[in-house]
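Asks: One structure, as structure tokens, below. Some questions next.
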Amino acid sequence: MAKRDYYEVLGVAKGASADEIKKGYRSKAKELHPDRNKDDPQAESQFKEANEAYEVLKDAEKKAAYDRFGHAAFEGGMGGGGRPGGGFGGGGQGDFSSAFSDVFDDLFGDFMGGQRGGGGRRAARGSDLRYNLRISLEDAFAGLQKTINVPGSVACDSCNGSGAEGGAEPVTCPTCSGMGKVRAQQGFFTVERTCPTCAGLGQHIQNPCKTCKGAGRQEKERALNVNIPAGVETGTRIRLAGEGEAGMRGGPSGDLYIFIEVTEHGLFQRESTNLYCRVPVSMSKAALGGSIEVPTIDGGRGRVQIPAGSQSGRQMRLRGKGMPALRGGGTGDMFIELAVETPVNLTGRQKELLQEFEDLSENNNPESSSFFSSVKSFWDSMKG
């Protein structure tokens with residue numbers, strides 16, 4: 001069977017640059033890799049074909065020979081950098097390793113989620129922490145400074161977080177020479193794994209710290225001063241950068257997230273920046289009108305005027321007596337809802353006065369009296 005054109009195999013145009021050829025091979029290698037095509041019996045042979053094409057086209061001398069003579073350049077010991085007696089058609093293990101290693105990091109960065117480039121990976125970042133903090137509505141109004149105790153991992157005091165006894169610096173890992181990765185040839189494939197000696201860090205601790213056993217951190221409760229701004233509400237999240245758990249062996253610390261919960265208040269209900277409260281008033285005050293004093297969230301008192309004839313459910317507003325906005329933008333209002341109370345446990349004189357009031361109300365409202373008379377006549381006729 002005739003060999004396909006190497007440029008066609010890699011999906012690039014003739015005269016393509018070295019970067020374009022490498023990019024084409026990388027794309028084909030990912031597409032045709034046998035691990036991704038276990039159900040396709042042709043995948044391995046096509047993968048070898050792409051490897052063979054790249055082995056030739058990546059080399060300037062071989063590429064020049066191929067451009068001039070085609071596949072014949074590497075048959076029968078012909079010049080141009082070809083290998084005598086057999087060329088590149090076999091896709092041998094040595095050729096595969098040479099070509100595949102050029103794009104190994106790119107390819108296996110996708111397959112294995114590994115680190116790319118030289119050098120070991122960075123020390124692991126510490127975990128983020130969550131702290132739930134409950135505060136009163138008054139504290140949410142005024143803001144406060146609060147000290148909280150946070151349990152978690154902190155940098156080891158004995159080794160200053162290095163993990164080595166006495167704070168000594170780690171040495172380059174002898175197994176991976178600081179790369180954090182080791183490669184092994186397994187038949188047709190070159191496999192890259194995390195270094196078992198240094199766990200991918202590229203460094204090795206010869207004498208681990210006795211306190212933290214080489215981890216570079218230890219469990220300890222910390223006291224932190226937290227600034228709670230005015231205007232917070234339930235669900236507000238405050239981030240303290242770098243106050244989470246310490247990283248392994250000097251790695252960066254995580255963050256601490258404080259979630260606010262504002263407890264329910266006995267008098268006020270909150271909606272965004274506005275406050276609502278229900279205030280009882282006497283029947284006479286609601287009927288005659290007047291002023292009343294009501295408590296405010298700042299600890300003071302406010303005065304509101306009740307119009308004569310007010311009914312239960314009527315609302316009045318005190319402007320600027322609500323909650324402050326968390327990020328500026330002014331202050332909300334306070335809404336007072338009237339709850340007209342019916343008097344109970346009346347004295348005899350109070351009953352007489354109310355009865356007199358009732359009689360006067362009927363005499364002063366003929367239409368009302370006529371209405372009730374009509375209703376009474378209707379019920380009397382129903383009884384008859």
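Going by the structure tokens order, chains are called A, B, ..., each with residues numbered from 1, while ligands are numbered from 1 in the order shown.
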Just asking: which residues within stretch 141-331 of chain A are helix (DSSP H, G or I) according to DSSP, as a list in words?

Replies: Phe141, Ala142, Glu165, Gly166, Gly167, Met248, Arg249, Gly250, Met283, Ser284, Lys285, Ala286, Ala287 and Leu288 of chain A

Asks: Pull C-alpha atoms from the residues just selected and write them as a PDB file, in the first residue's frame.

Replies:
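Now in out-v7.pdb:
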```pdb
ATOM      1  CA  PHE A 141     -26.695  48.785  62.062  1.00  0.00           C
ATOM      2  CA  ALA A 142     -23.618  50.215  63.767  1.00  0.00           C
ATOM      3  CA  GLU A 165      14.255  20.440  61.088  1.00  0.00           C
ATOM      4  CA  GLY A 166      15.597  23.797  62.201  1.00  0.00           C
ATOM      5  CA  GLY A 167      14.091  25.553  59.191  1.00  0.00           C
ATOM      6  CA  MET A 248       2.059  22.325  52.794  1.00  0.00           C
ATOM      7  CA  ARG A 249       5.788  23.012  53.162  1.00  0.00           C
ATOM      8  CA  GLY A 250       5.599  26.750  52.852  1.00  0.00           C
ATOM      9  CA  MET A 283     -58.733  53.501  70.445  1.00  0.00           C
ATOM     10  CA  SER A 284     -59.133  57.046  71.702  1.00  0.00           C
ATOM     11  CA  LYS A 285     -55.711  58.098  70.367  1.00  0.00           C
ATOM     12  CA  ALA A 286     -56.523  56.633  66.972  1.00  0.00           C
ATOM     13  CA  ALA A 287     -59.894  58.370  66.945  1.00  0.00           C
ATOM     14  CA  LEU A 288     -58.803  61.764  68.239  1.00  0.00           C
TER      15      LEU A 288
END
```

Asks: Identify, on the basis of only C-alpha atoms, every residue whose closest approach to stretch 221-227 of chain A does not exceed 6 Å; exclude the query and any residue fewer than 3 positions from it along the same chain; express the result as an NGL selection string.

Replies: :A and (145-151)

Asks: Select from stretch 186-287 of chain A every residue with an atom at most 7 Å from any atom of stretch 323-340 of chain A, then for each give the shortest pair of atoms and their distance in Å to one decimal, using only C-alpha atoms, rows by chain and rising number, as JSON lines.

Replies:
```
{"residue": "A:Ala230", "atom": "CA", "partner": "A:Leu326", "partner_atom": "CA", "distance": 6.2}
{"residue": "A:Gly231", "atom": "CA", "partner": "A:Leu326", "partner_atom": "CA", "distance": 4.3}
{"residue": "A:Val232", "atom": "CA", "partner": "A:Leu326", "partner_atom": "CA", "distance": 5.8}
{"residue": "A:Thr273", "atom": "CA", "partner": "A:Gly332", "partner_atom": "CA", "distance": 4.6}
{"residue": "A:Asn274", "atom": "CA", "partner": "A:Gly332", "partner_atom": "CA", "distance": 4.7}
{"residue": "A:Leu275", "atom": "CA", "partner": "A:Met334", "partner_atom": "CA", "distance": 4.7}
{"residue": "A:Tyr276", "atom": "CA", "partner": "A:Phe335", "partner_atom": "CA", "distance": 4.8}
{"residue": "A:Cys277", "atom": "CA", "partner": "A:Ile336", "partner_atom": "CA", "distance": 5.3}
{"residue": "A:Arg278", "atom": "CA", "partner": "A:Glu337", "partner_atom": "CA", "distance": 4.7}
{"residue": "A:Val279", "atom": "CA", "partner": "A:Leu338", "partner_atom": "CA", "distance": 5.3}
{"residue": "A:Pro280", "atom": "CA", "partner": "A:Ala339", "partner_atom": "CA", "distance": 4.6}
{"residue": "A:Val281", "atom": "CA", "partner": "A:Val340", "partner_atom": "CA", "distance": 5.1}
{"residue": "A:Ser282", "atom": "CA", "partner": "A:Val340", "partner_atom": "CA", "distance": 5.8}
{"residue": "A:Met283", "atom": "CA", "partner": "A:Val340", "partner_atom": "CA", "distance": 5.7}
{"residue": "A:Ala286", "atom": "CA", "partner": "A:Val340", "partner_atom": "CA", "distance": 6.7}
```
